[in-house]
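K.L.:
Dropping a structure here in structure tokens format, bear with me for questions.
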Amino acid sequence: MRPTVAFLNRELIERIVAEGRDILCRMGIAIHNPAALKLLSDGGAVVDVSRHHVRFTSDLIDRALGSAPKGFKLYDVMGEEAVDLSGDRVNYTPGSAALNFLDGATGLMRRPTTADYIRYVRIVSGMPHIASQSTAFIPGDVHEKISDSYRLYLSLLHGEKPVVTGTFTIDSFEIMKDLQLAVRGSEAALKAKPLTVFSCCPTSPLKWSTVTSQNVIDCARYHIPVEFVAMPLSGFIAPVTLVGTLIQHTAETLSGIVLSQLANPGTPILYGGSPAIFDVRYETTPMGAVETEMIDCAYAEIGKYLGLPTQAYIALSDAKQLDAQAGLETSMGATLAALAGINNISGPGMLDFESCFSLEKLVVDNEICGMTLRMIQGIEPKGDFPSLGHFTELVREGHLLISKHTRRYRQEEIHLPGPVIDRANRSRWAEEGSKTLMERASAEINRLEAAYTPSRLPDDVKGELTRLMTAEARRYGMDKLPRESR
Amino acid sequence: MDLLANLSQSLQDGDDEKVAALTKEALAAGMSAKQILDNALISGMTVIGNRFKAHEIFLPDVLLSARAMYAGLELLKPLFLKDDIPSRGKVVVGTVQGDLHDIGKNLVSIMLKGAGYEVIDLGNDVPPERFVDTAVAQGAAIIGLSALLTTTMPVMSQVAALLKERGLTGRIKLIIGGAPVSDAYAREIGADAYGFDAVKAVEIVDRFLMRQ
Ligand code: B12
């Protein structure tokens with residue numbers, strides 16, 4: 001049996017969804033984008049252009065829910081199937097877009113560089129439990145205006161895994177789409193084999209900005225999957241109750257789905273989010289709070305009820321270092337998310353309210369993810385019945401270390417994490433240098449980096465990526481990309 | 001307890017109805033608007049500000065007290081001569097062009113209002129010219145900029161450049177905040193100060209307007 005977790009019963013889900021729809025249809029929301037308003041008005045919504053205001057109709061919402069795919073797949077740069085975002089399949093992707101980087105060598109936080117980013121891509125390439133890359137942080141050694149697209153460029157050039165990303169402006173979409181077209185070769189090929197997911201955020205409460213609503217439309221045009229990342233903050237820009245926050249999240253997310261499906265019916269989407277409680281003591285948005293994680297799992301239940309694939313920012317921590325808090329918040333989130341069957345789980349590697357990335361944390365989290373992936377395999381009989389034979393053998397031999405049953409099932413039954421998770425006895429641990437978690441993590445980073453093999457993307461495609469990115473950098477007065485980028 | 005102490009306490013308790021009632025009572029008892037303002041409303045708000053800085057109370061408490069203060073202030077305003085309307089100074093705030101993150105900016109705005117400043121909040125996605133034009137037109141001595149995206153930080157330096165171009169550097173102080181910016185960045189672009197939270201924002205404004 002696959003273990004699960006549920007925070008809502010069906011009746012509560014239905015009430016929340018009904019209320020969310022009611023907000024959209026009776027009260028309406030603000031969308032600061034004439035193109036989006038036009039799409040909605042053509043689709044039958046009640047639009048007041050001067051107030052940027054739109055009221056949805058029930059029919060519009062139903063049609064969008066009908067045309068949004070129930071699931072979809074991502075393909076790596078080589079075009080091979082890599083991530084299945086459907087059903088209760090669970091995939092992890094690193095947290096994304098951090099401003100800062102925790103330098104493992106010095107223990108200090110600083111701005112990330114191109115070299116850090118490439119190191120990140122290399123190690124994530126070899127991580128078994130991290131299904132995709134994300135554009136995890138922002139190299140500080142390029143012009144700010146290309147800080148969103150440049151990450152995607154580096155990821156596509158050096159890594160093979162699909163990329164969870166997003167743009168910060170309307171303009172950057174163009175280059176970020178062109179980079180993908182360069183990898184796939186044509187619009188049709190990109191549509192057939194999605195390579196990326198773009199995060200697009202409604203602006204809580206109940207609003208879409210020009211930029212992010214345009215991103216939704218632009219992605220839809222090219223069939224690029226979008227994850228909707230609403231961020232209602234309980235007790236601040238959302239009701240303080242978890243149910244109230246969920247109602248708002250439902251309305252905000254449904255509004256995005258309608259917009260994308262009007263722009264291009266059938267465009268893949270993820271029912272996602274990054275809601276949080278608001279900690280009034282510190283004026284922060286804790287991602288590791290237990291209530292935050294409860295809201296995440298609960299909206300994923302709503303997404304599943306609506307028949308949609310899901311996403312959440314949940315396996316991450318607000319700690320400032322790789323300490324016990326980092327481990328406990330991340331594993332609580334990863335565990336709950338895996339039980340909830342969230343399809344795209346964002347977070348590994350991330351600290352400090354989504355603003356600081358750590359490679360050491362990423363390798364620790366990879367092992368956390370591995371354990372949760374084992375957990376959701378659940379407990380199943382494997383040659384256990386009848387059991388008398390095993391016990392007769394056990395009593396006879398005194399152990400089952402080399403029994404046929406053990407040899408047949410050990411690997412699939414017992415997941416062995418490591419080398420970061422330490423399971424040595426004390427003497428051996430001491431003999432091997434009494435290594436701290438940080439030391440083991442940094443050794444693992446080095447091992448992964450040494451094992452990295454360059455992306456198999458053909459050289460001419462790599463050349464084209466560099467040509468496109470260089471041209472984009474020139475628009476902002478940078479005549480060369482950092483030397484390490486290639 | 002004497003009336004003004006009682007009024008100050010009600011403000012600290014965030015009881016706007018009681019503040020309004022006691023303000024009326026104080027006026028009826030013949031106290032001057034100035035007396036009530038200085039010795040009850042502002043003094044009460046100062047206590048709140050200090051307790052907030054000491055992390056004894058939190059943002060919602062400050063908001064409740066600020067609302068209570070305004071309940072009293074509204075009653076006093078008509079009694080001041082136009083030029084005497086108490087204002088500790090004007091501050092223009094906004095999130096820079098291309099950036100929609102306004103939560104931090106809103107908190108800064110709320111705290112400055114609570115501290116008695118007149119805040120002209122331009123919202124988010126604000127072009128550089130609007131900051132400078134508004135500050136000039138409204139006679140504000142301070143512009144506070146917020147940015148949360150690496151892509152929008154450069155707009156802050158555009159505002160600094162614009163102030164310089166118009167010979168306003170130093171006369172209109174530029175303060176900046178938001179997750180990606182720092183002290184170093186403030187120096188780099190020639191801003192006058194950086195604040196890491198809303199309390200710091202008030203401290204900086206206090207310092208620039210030389211009041212306590
Ligand atoms: C909430 C949030 C959102 C909400 C914003 C809702 C709103 N109404 O503002 C939503 C979901 C809409 C959102 C959207 C996006 N976001 Co956002 N968001 C955040 C998040 C998680 C928290 C920000 C926040 O509100 N914090 C709480 C407040 C209270 O803190 P604060 O803003 O820092 O403000 C305090 C201080 O900085 C200071 N301060 C702030 N301003 C000022 C001004 C002055 C003068 C002074 C003195 C002080 C001061 O005082 C404040 C109070 O203490 C941050 C992560 C983070 N840790 O910062 C990401 C983050 C900033 N977002 C990010 C991104 C990428 C985006 C999007 C581009 C995503 C997308 N692809 O759609 C869009 C933005 C589109 C755009 N063009 O703006 C990235 C930025 C990456 C980068 N390198 O620039 C971050 C870091 C998250 C991440 N890792 O991905 N986001």
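Each chain in the structure tokens gets a letter, A, B and so on, in the order shown; residues start at 1 in every chain, and ligands are counted from 1 in the order they appear.
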Neighbouring residues of ligand 1 are defined here as those with any atom at most 7 Å from a ligand atom, counting only C-alpha atoms and all ligand atoms; list them as a PyMOL selection string.

P.N.:
(chain A and resi 96-99+137-138+166-169+198-204+211-212+229-231+283-285+352-355) or (chain B and resi 93+98-105+107-108+144-151+175-179+194-198+200-201)

K.L.:
Would you pick out the contacts of range 405-421 of chain A at 12 Å or less, using only C-alpha atoms, so that residues sharing its chain but fewer than 6 positions from it are not included, and give the list as a JSON list (two decimals) with N, CA and C atoms, in the first residue's frame?

P.N.:
```json
[["chain", "number", "residue", "atom", "x", "y", "z"],
["A", 127, "MET", "N", 23.03, 13.49, -9.34],
["A", 127, "MET", "CA", 22.25, 13.15, -8.15],
["A", 127, "MET", "C", 21.07, 12.26, -8.49],
["A", 128, "PRO", "N", 21.03, 11.08, -7.93],
["A", 128, "PRO", "CA", 19.99, 10.14, -8.34],
["A", 128, "PRO", "C", 18.58, 10.55, -7.93],
["A", 129, "HIS", "N", 18.44, 11.31, -6.85],
["A", 129, "HIS", "CA", 17.08, 11.56, -6.35],
["A", 129, "HIS", "C", 16.54, 12.94, -6.73],
["A", 327, "GLY", "N", 18.08, 20.49, 8.47],
["A", 327, "GLY", "CA", 17.73, 19.10, 8.21],
["A", 327, "GLY", "C", 16.30, 18.78, 8.61],
["A", 360, "GLU", "N", 26.29, 22.11, -0.28],
["A", 360, "GLU", "CA", 26.39, 21.09, 0.76],
["A", 360, "GLU", "C", 25.00, 20.65, 1.18],
["A", 361, "LYS", "N", 24.11, 21.62, 1.32],
["A", 361, "LYS", "CA", 22.75, 21.26, 1.70],
["A", 361, "LYS", "C", 22.10, 20.42, 0.60],
["A", 362, "LEU", "N", 22.39, 20.76, -0.64],
["A", 362, "LEU", "CA", 21.79, 20.01, -1.74],
["A", 362, "LEU", "C", 22.17, 18.53, -1.68],
["A", 363, "VAL", "N", 23.43, 18.23, -1.37],
["A", 363, "VAL", "CA", 23.80, 16.81, -1.32],
["A", 363, "VAL", "C", 23.17, 16.11, -0.10],
["A", 364, "VAL", "N", 23.02, 16.85, 0.99],
["A", 364, "VAL", "CA", 22.32, 16.26, 2.14],
["A", 364, "VAL", "C", 20.86, 15.99, 1.75],
["A", 365, "ASP", "N", 20.25, 17.00, 1.13],
["A", 365, "ASP", "CA", 18.84, 16.89, 0.78],
["A", 365, "ASP", "C", 18.60, 15.76, -0.23],
["A", 366, "ASN", "N", 19.56, 15.58, -1.13],
["A", 366, "ASN", "CA", 19.43, 14.48, -2.09],
["A", 366, "ASN", "C", 19.21, 13.16, -1.34],
["A", 367, "GLU", "N", 19.91, 13.02, -0.23],
["A", 367, "GLU", "CA", 19.74, 11.78, 0.54],
["A", 367, "GLU", "C", 18.41, 11.75, 1.28],
["A", 368, "ILE", "N", 17.97, 12.92, 1.75],
["A", 368, "ILE", "CA", 16.64, 12.99, 2.37],
["A", 368, "ILE", "C", 15.60, 12.56, 1.34],
["A", 369, "CYS", "N", 15.74, 13.11, 0.13],
["A", 369, "CYS", "CA", 14.78, 12.79, -0.94],
["A", 369, "CYS", "C", 14.79, 11.29, -1.21],
["A", 370, "GLY", "N", 15.99, 10.72, -1.25],
["A", 370, "GLY", "CA", 16.11, 9.28, -1.50],
["A", 370, "GLY", "C", 15.33, 8.48, -0.46],
["A", 371, "MET", "N", 15.44, 8.91, 0.79],
["A", 371, "MET", "CA", 14.74, 8.17, 1.85],
["A", 371, "MET", "C", 13.23, 8.30, 1.70],
["A", 372, "THR", "N", 12.77, 9.52, 1.35],
["A", 372, "THR", "CA", 11.31, 9.68, 1.22],
["A", 372, "THR", "C", 10.80, 8.89, 0.02],
["A", 373, "LEU", "N", 11.62, 8.82, -1.03],
["A", 373, "LEU", "CA", 11.18, 8.06, -2.21],
["A", 373, "LEU", "C", 11.05, 6.58, -1.84],
["A", 374, "ARG", "N", 11.95, 6.12, -1.00],
["A", 374, "ARG", "CA", 11.81, 4.75, -0.50],
["A", 374, "ARG", "C", 10.52, 4.61, 0.32],
["A", 375, "MET", "N", 10.30, 5.62, 1.17],
["A", 375, "MET", "CA", 9.15, 5.54, 2.07],
["A", 375, "MET", "C", 7.84, 5.36, 1.30],
["A", 376, "ILE", "N", 7.70, 6.09, 0.20],
["A", 376, "ILE", "CA", 6.41, 5.99, -0.49],
["A", 376, "ILE", "C", 6.26, 4.70, -1.29],
["A", 377, "GLN", "N", 7.33, 3.93, -1.37],
["A", 377, "GLN", "CA", 7.15, 2.59, -1.93],
["A", 377, "GLN", "C", 6.29, 1.75, -0.98],
["A", 378, "GLY", "N", 6.26, 2.21, 0.27],
["A", 378, "GLY", "CA", 5.38, 1.56, 1.24],
["A", 378, "GLY", "C", 5.86, 0.19, 1.67],
["A", 379, "ILE", "N", 4.98, -0.51, 2.31],
["A", 379, "ILE", "CA", 5.28, -1.86, 2.80],
["A", 379, "ILE", "C", 4.46, -2.85, 2.01],
["A", 380, "GLU", "N", 5.15, -3.71, 1.29],
["A", 380, "GLU", "CA", 4.47, -4.67, 0.42],
["A", 380, "GLU", "C", 5.02, -6.07, 0.72],
["A", 381, "PRO", "N", 4.19, -7.09, 0.65],
["A", 381, "PRO", "CA", 4.73, -8.44, 0.82],
["A", 381, "PRO", "C", 5.64, -8.79, -0.37],
["A", 382, "LYS", "N", 6.80, -9.31, -0.06],
["A", 382, "LYS", "CA", 7.73, -9.71, -1.11],
["A", 382, "LYS", "C", 8.24, -11.10, -0.78],
["A", 383, "GLY", "N", 7.59, -12.08, -1.27],
["A", 383, "GLY", "CA", 7.99, -13.45, -0.98],
["A", 383, "GLY", "C", 7.88, -13.78, 0.50],
["A", 384, "ASP", "N", 6.99, -13.09, 1.23],
["A", 384, "ASP", "CA", 6.91, -13.28, 2.67],
["A", 384, "ASP", "C", 5.93, -14.38, 3.09],
["A", 385, "PHE", "N", 4.99, -14.66, 2.20],
["A", 385, "PHE", "CA", 3.97, -15.65, 2.56],
["A", 385, "PHE", "C", 4.10, -16.89, 1.70],
["A", 387, "SER", "N", 5.60, -17.85, 5.50],
["A", 387, "SER", "CA", 6.85, -17.38, 6.06],
["A", 387, "SER", "C", 7.63, -18.46, 6.82],
["A", 389, "GLY", "N", 9.11, -21.11, 5.98],
["A", 389, "GLY", "CA", 10.37, -21.50, 5.37],
["A", 389, "GLY", "C", 11.50, -20.56, 5.79],
["A", 390, "HIS", "N", 11.24, -19.24, 5.76],
["A", 390, "HIS", "CA", 12.28, -18.26, 6.12],
["A", 390, "HIS", "C", 12.72, -18.47, 7.55],
["A", 391, "PHE", "N", 11.73, -18.69, 8.43],
["A", 391, "PHE", "CA", 12.09, -18.80, 9.84],
["A", 391, "PHE", "C", 12.79, -20.12, 10.16],
["A", 393, "GLU", "N", 14.80, -21.55, 8.10],
["A", 393, "GLU", "CA", 16.16, -21.27, 7.63],
["A", 393, "GLU", "C", 16.92, -20.41, 8.64],
["A", 394, "LEU", "N", 16.24, -19.40, 9.18],
["A", 394, "LEU", "CA", 16.86, -18.49, 10.14],
["A", 394, "LEU", "C", 17.31, -19.24, 11.39],
["A", 399, "HIS", "N", 21.27, -16.86, 10.81],
["A", 399, "HIS", "CA", 21.19, -15.54, 10.15],
["A", 399, "HIS", "C", 20.58, -15.75, 8.77],
["A", 429, "TRP", "N", 33.95, 5.59, 12.49],
["A", 429, "TRP", "CA", 33.78, 7.02, 12.19],
["A", 429, "TRP", "C", 35.03, 7.78, 12.63],
["A", 435, "LYS", "N", 34.73, 12.79, 10.65],
["A", 435, "LYS", "CA", 34.26, 13.85, 9.74],
["A", 435, "LYS", "C", 32.88, 14.38, 10.13],
["A", 436, "THR", "N", 32.77, 15.70, 10.08],
["A", 436, "THR", "CA", 31.48, 16.33, 10.34],
["A", 436, "THR", "C", 30.60, 16.20, 9.11],
["A", 437, "LEU", "N", 29.34, 16.51, 9.29],
["A", 437, "LEU", "CA", 28.40, 16.48, 8.17],
["A", 437, "LEU", "C", 28.90, 17.37, 7.03],
["A", 438, "MET", "N", 29.37, 18.55, 7.39],
["A", 438, "MET", "CA", 29.84, 19.51, 6.39],
["A", 438, "MET", "C", 31.00, 18.90, 5.60],
["A", 439, "GLU", "N", 31.90, 18.22, 6.30],
["A", 439, "GLU", "CA", 33.05, 17.61, 5.61],
["A", 439, "GLU", "C", 32.61, 16.48, 4.69],
["A", 440, "ARG", "N", 31.68, 15.69, 5.18],
["A", 440, "ARG", "CA", 31.19, 14.59, 4.32],
["A", 440, "ARG", "C", 30.47, 15.15, 3.11],
["A", 441, "ALA", "N", 29.70, 16.24, 3.33],
["A", 441, "ALA", "CA", 28.97, 16.83, 2.22],
["A", 441, "ALA", "C", 29.95, 17.40, 1.20],
["A", 442, "SER", "N", 31.00, 18.04, 1.68],
["A", 442, "SER", "CA", 31.88, 18.66, 0.70],
["A", 442, "SER", "C", 32.69, 17.59, -0.05],
["A", 443, "ALA", "N", 32.98, 16.48, 0.62],
["A", 443, "ALA", "CA", 33.64, 15.37, -0.09],
["A", 443, "ALA", "C", 32.72, 14.82, -1.18],
["A", 444, "GLU", "N", 31.43, 14.75, -0.86],
["A", 444, "GLU", "CA", 30.47, 14.23, -1.83],
["A", 444, "GLU", "C", 30.34, 15.18, -3.03],
["A", 445, "ILE", "N", 30.40, 16.47, -2.75],
["A", 445, "ILE", "CA", 30.37, 17.44, -3.85],
["A", 445, "ILE", "C", 31.56, 17.20, -4.78],
["A", 447, "ARG", "N", 33.25, 14.47, -5.14],
["A", 447, "ARG", "CA", 33.11, 13.21, -5.86],
["A", 447, "ARG", "C", 32.17, 13.38, -7.05],
["A", 448, "LEU", "N", 31.04, 14.03, -6.81],
["A", 448, "LEU", "CA", 30.08, 14.22, -7.91],
["A", 448, "LEU", "C", 30.68, 15.06, -9.02]]
```

K.L.:
Please determine the contact residues of chain A with respect to chain B at a cut-off of 6 Å, counting only C-alpha atoms, and supply them as a JSON list (two decimals) with N, CA, C and O atoms, in the first residue's frame.

P.N.:
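So part10.json came out as:
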```
[["chain", "number", "residue", "atom", "x", "y", "z"],
["A", 144, "GLU", "N", 22.65, 42.49, -14.51],
["A", 144, "GLU", "CA", 21.41, 42.10, -13.81],
["A", 144, "GLU", "C", 20.29, 41.76, -14.78],
["A", 144, "GLU", "O", 19.45, 40.91, -14.50],
["A", 145, "LYS", "N", 20.27, 42.44, -15.92],
["A", 145, "LYS", "CA", 19.15, 42.24, -16.85],
["A", 145, "LYS", "C", 19.15, 40.85, -17.49],
["A", 145, "LYS", "O", 18.16, 40.45, -18.09],
["A", 281, "ARG", "N", 6.58, 38.06, 14.38],
["A", 281, "ARG", "CA", 7.71, 38.44, 15.24],
["A", 281, "ARG", "C", 8.89, 38.93, 14.44],
["A", 281, "ARG", "O", 9.65, 39.79, 14.85]]
```

K.L.:
Near range 109-114 of chain B, counting only C-alpha atoms, which residues have an atom at most 10 Å away, once you skip same-chain residues fewer than 2 positions from it, shown as a PDB file with N, CA and C atoms, in the first residue's frame?

P.N.:
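File written: out29.pdb
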```
ATOM      1  N   ILE B  42       1.794  61.452  20.780  1.00  0.00           N
ATOM      2  CA  ILE B  42       3.166  61.181  20.341  1.00  0.00           C
ATOM      3  C   ILE B  42       3.936  60.428  21.418  1.00  0.00           C
ATOM      4  N   MET B  45       2.949  56.866  21.269  1.00  0.00           N
ATOM      5  CA  MET B  45       3.488  56.220  20.082  1.00  0.00           C
ATOM      6  C   MET B  45       4.993  55.965  20.234  1.00  0.00           C
ATOM      7  N   THR B  46       5.656  56.842  20.961  1.00  0.00           N
ATOM      8  CA  THR B  46       7.095  56.654  21.197  1.00  0.00           C
ATOM      9  C   THR B  46       7.328  55.395  22.037  1.00  0.00           C
ATOM     10  N   ILE B  48       5.389  52.835  22.128  1.00  0.00           N
ATOM     11  CA  ILE B  48       5.135  51.706  21.232  1.00  0.00           C
ATOM     12  C   ILE B  48       6.340  51.455  20.330  1.00  0.00           C
ATOM     13  N   GLY B  49       6.864  52.531  19.772  1.00  0.00           N
ATOM     14  CA  GLY B  49       8.031  52.414  18.881  1.00  0.00           C
ATOM     15  C   GLY B  49       9.195  51.751  19.606  1.00  0.00           C
ATOM     16  N   LEU B  59       4.459  43.790  14.852  1.00  0.00           N
ATOM     17  CA  LEU B  59       3.854  44.677  13.883  1.00  0.00           C
ATOM     18  C   LEU B  59       2.352  44.927  14.092  1.00  0.00           C
ATOM     19  N   VAL B  62       1.723  47.473  16.644  1.00  0.00           N
ATOM     20  CA  VAL B  62       2.051  48.827  16.216  1.00  0.00           C
ATOM     21  C   VAL B  62       0.928  49.380  15.344  1.00  0.00           C
ATOM     22  N   LEU B  63       0.394  48.517  14.473  1.00  0.00           N
ATOM     23  CA  LEU B  63      -0.675  48.978  13.588  1.00  0.00           C
ATOM     24  C   LEU B  63      -1.905  49.402  14.374  1.00  0.00           C
ATOM     25  N   LEU B  64      -2.242  48.608  15.384  1.00  0.00           N
ATOM     26  CA  LEU B  64      -3.409  48.952  16.202  1.00  0.00           C
ATOM     27  C   LEU B  64      -3.195  50.293  16.894  1.00  0.00           C
ATOM     28  N   SER B  65      -1.997  50.496  17.422  1.00  0.00           N
ATOM     29  CA  SER B  65      -1.712  51.754  18.109  1.00  0.00           C
ATOM     30  C   SER B  65      -1.706  52.922  17.134  1.00  0.00           C
ATOM     31  N   ALA B  66      -1.156  52.665  15.934  1.00  0.00           N
ATOM     32  CA  ALA B  66      -1.122  53.736  14.940  1.00  0.00           C
ATOM     33  C   ALA B  66      -2.555  54.136  14.578  1.00  0.00           C
ATOM     34  N   ARG B  67      -3.414  53.116  14.425  1.00  0.00           N
ATOM     35  CA  ARG B  67      -4.809  53.430  14.094  1.00  0.00           C
ATOM     36  C   ARG B  67      -5.453  54.239  15.221  1.00  0.00           C
ATOM     37  N   MET B  69      -3.868  56.196  17.245  1.00  0.00           N
ATOM     38  CA  MET B  69      -3.298  57.547  17.223  1.00  0.00           C
ATOM     39  C   MET B  69      -4.052  58.417  16.221  1.00  0.00           C
ATOM     40  N   TYR B  70      -4.335  57.819  15.033  1.00  0.00           N
ATOM     41  CA  TYR B  70      -5.022  58.609  14.019  1.00  0.00           C
ATOM     42  C   TYR B  70      -6.440  58.972  14.462  1.00  0.00           C
ATOM     43  N   ARG B  88       5.849  65.184  10.874  1.00  0.00           N
ATOM     44  CA  ARG B  88       7.272  65.047  11.200  1.00  0.00           C
ATOM     45  C   ARG B  88       8.110  65.117   9.948  1.00  0.00           C
ATOM     46  N   LYS B  90       7.944  64.510   5.258  1.00  0.00           N
ATOM     47  CA  LYS B  90       7.334  63.698   4.207  1.00  0.00           C
ATOM     48  C   LYS B  90       8.342  62.730   3.606  1.00  0.00           C
ATOM     49  N   VAL B  91       7.863  61.539   3.344  1.00  0.00           N
ATOM     50  CA  VAL B  91       8.719  60.532   2.734  1.00  0.00           C
ATOM     51  C   VAL B  91       7.974  59.906   1.541  1.00  0.00           C
ATOM     52  N   VAL B  92       8.653  59.845   0.406  1.00  0.00           N
ATOM     53  CA  VAL B  92       8.078  59.168  -0.755  1.00  0.00           C
ATOM     54  C   VAL B  92       8.622  57.735  -0.780  1.00  0.00           C
ATOM     55  N   VAL B  93       7.737  56.746  -0.843  1.00  0.00           N
ATOM     56  CA  VAL B  93       8.235  55.368  -0.924  1.00  0.00           C
ATOM     57  C   VAL B  93       7.591  54.630  -2.103  1.00  0.00           C
ATOM     58  N   GLY B  94       8.264  53.594  -2.562  1.00  0.00           N
ATOM     59  CA  GLY B  94       7.706  52.779  -3.636  1.00  0.00           C
ATOM     60  C   GLY B  94       8.641  51.644  -3.989  1.00  0.00           C
ATOM     61  N   ILE B 103       5.401  43.802  -0.348  1.00  0.00           N
ATOM     62  CA  ILE B 103       5.108  43.499   1.054  1.00  0.00           C
ATOM     63  C   ILE B 103       6.065  44.254   1.979  1.00  0.00           C
ATOM     64  N   GLY B 104       7.357  44.171   1.693  1.00  0.00           N
ATOM     65  CA  GLY B 104       8.352  44.845   2.520  1.00  0.00           C
ATOM     66  C   GLY B 104       8.158  46.352   2.474  1.00  0.00           C
ATOM     67  N   LYS B 105       7.930  46.854   1.271  1.00  0.00           N
ATOM     68  CA  LYS B 105       7.697  48.292   1.110  1.00  0.00           C
ATOM     69  C   LYS B 105       6.481  48.725   1.918  1.00  0.00           C
ATOM     70  N   ASN B 106       5.422  47.923   1.869  1.00  0.00           N
ATOM     71  CA  ASN B 106       4.215  48.274   2.632  1.00  0.00           C
ATOM     72  C   ASN B 106       4.505  48.347   4.127  1.00  0.00           C
ATOM     73  N   LEU B 107       5.325  47.419   4.595  1.00  0.00           N
ATOM     74  CA  LEU B 107       5.655  47.441   6.026  1.00  0.00           C
ATOM     75  C   LEU B 107       6.428  48.708   6.375  1.00  0.00           C
ATOM     76  N   GLY B 116       4.658  58.748  12.662  1.00  0.00           N
ATOM     77  CA  GLY B 116       4.196  60.125  12.521  1.00  0.00           C
ATOM     78  C   GLY B 116       4.647  60.821  11.254  1.00  0.00           C
ATOM     79  N   TYR B 117       5.268  60.094  10.343  1.00  0.00           N
ATOM     80  CA  TYR B 117       5.674  60.737   9.095  1.00  0.00           C
ATOM     81  C   TYR B 117       4.534  60.695   8.092  1.00  0.00           C
ATOM     82  N   GLU B 118       4.558  61.680   7.198  1.00  0.00           N
ATOM     83  CA  GLU B 118       3.585  61.657   6.117  1.00  0.00           C
ATOM     84  C   GLU B 118       4.203  60.853   4.977  1.00  0.00           C
ATOM     85  N   VAL B 119       3.530  59.772   4.603  1.00  0.00           N
ATOM     86  CA  VAL B 119       4.123  58.879   3.607  1.00  0.00           C
ATOM     87  C   VAL B 119       3.350  58.959   2.303  1.00  0.00           C
ATOM     88  N   ILE B 120       4.072  59.220   1.234  1.00  0.00           N
ATOM     89  CA  ILE B 120       3.440  59.192  -0.084  1.00  0.00           C
ATOM     90  C   ILE B 120       3.875  57.890  -0.739  1.00  0.00           C
ATOM     91  N   ASP B 121       2.956  56.938  -0.742  1.00  0.00           N
ATOM     92  CA  ASP B 121       3.291  55.595  -1.214  1.00  0.00           C
ATOM     93  C   ASP B 121       2.899  55.458  -2.676  1.00  0.00           C
ATOM     94  N   GLY B 144      12.342  56.631  -0.377  1.00  0.00           N
ATOM     95  CA  GLY B 144      12.684  55.265   0.034  1.00  0.00           C
ATOM     96  C   GLY B 144      12.346  54.286  -1.077  1.00  0.00           C
ATOM     97  N   ALA B 198      11.969  47.348   8.527  1.00  0.00           N
ATOM     98  CA  ALA B 198      11.134  48.530   8.633  1.00  0.00           C
ATOM     99  C   ALA B 198      11.517  49.390   9.843  1.00  0.00           C
ATOM    100  N   VAL B 199      12.004  48.733  10.890  1.00  0.00           N
ATOM    101  CA  VAL B 199      12.447  49.496  12.061  1.00  0.00           C
ATOM    102  C   VAL B 199      13.652  50.352  11.693  1.00  0.00           C
ATOM    103  N   LYS B 200      14.576  49.716  10.936  1.00  0.00           N
ATOM    104  CA  LYS B 200      15.746  50.467  10.473  1.00  0.00           C
ATOM    105  C   LYS B 200      15.304  51.649   9.610  1.00  0.00           C
ATOM    106  N   ALA B 201      14.278  51.428   8.786  1.00  0.00           N
ATOM    107  CA  ALA B 201      13.810  52.503   7.919  1.00  0.00           C
ATOM    108  C   ALA B 201      13.412  53.709   8.769  1.00  0.00           C
ATOM    109  N   VAL B 202      12.693  53.454   9.862  1.00  0.00           N
ATOM    110  CA  VAL B 202      12.275  54.557  10.724  1.00  0.00           C
ATOM    111  C   VAL B 202      13.499  55.209  11.372  1.00  0.00           C
ATOM    112  N   GLU B 203      14.422  54.394  11.836  1.00  0.00           N
ATOM    113  CA  GLU B 203      15.633  54.953  12.459  1.00  0.00           C
ATOM    114  C   GLU B 203      16.383  55.872  11.507  1.00  0.00           C
ATOM    115  N   VAL B 205      15.197  57.437   8.837  1.00  0.00           N
ATOM    116  CA  VAL B 205      14.444  58.662   8.577  1.00  0.00           C
ATOM    117  C   VAL B 205      14.548  59.603   9.778  1.00  0.00           C
ATOM    118  N   ASP B 206      14.438  59.035  10.980  1.00  0.00           N
ATOM    119  CA  ASP B 206      14.624  59.857  12.184  1.00  0.00           C
ATOM    120  C   ASP B 206      15.967  60.582  12.136  1.00  0.00           C
TER     121      ASP B 206
END
```

K.L.:
Please provide the set of residues having any atom within 9 Å of Leu457 in chain A, restricted to only C-alpha atoms, with same-chain residues fewer than 5 positions apart removed, written as a PyMOL selection string.

P.N.:
chain A and resi 77-78+156-160+183+462

K.L.:
Go ahead and write the residues just picked, C-alpha atoms, as a JSON list (two decimals), in the first residue's frame.

P.N.:
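Result file part.json:
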```json
[["chain", "number", "residue", "atom", "x", "y", "z"],
["A", 77, "VAL", "CA", 18.20, 18.07, -23.46],
["A", 78, "MET", "CA", 18.84, 14.89, -25.43],
["A", 156, "LEU", "CA", 21.19, 23.86, -20.89],
["A", 157, "LEU", "CA", 24.85, 24.07, -21.85],
["A", 158, "HIS", "CA", 26.31, 22.00, -19.04],
["A", 159, "GLY", "CA", 23.53, 19.76, -17.80],
["A", 160, "GLU", "CA", 21.17, 17.31, -19.40],
["A", 183, "VAL", "CA", 18.06, 22.71, -28.06],
["A", 462, "LYS", "CA", 26.07, 24.39, -27.75]]
```
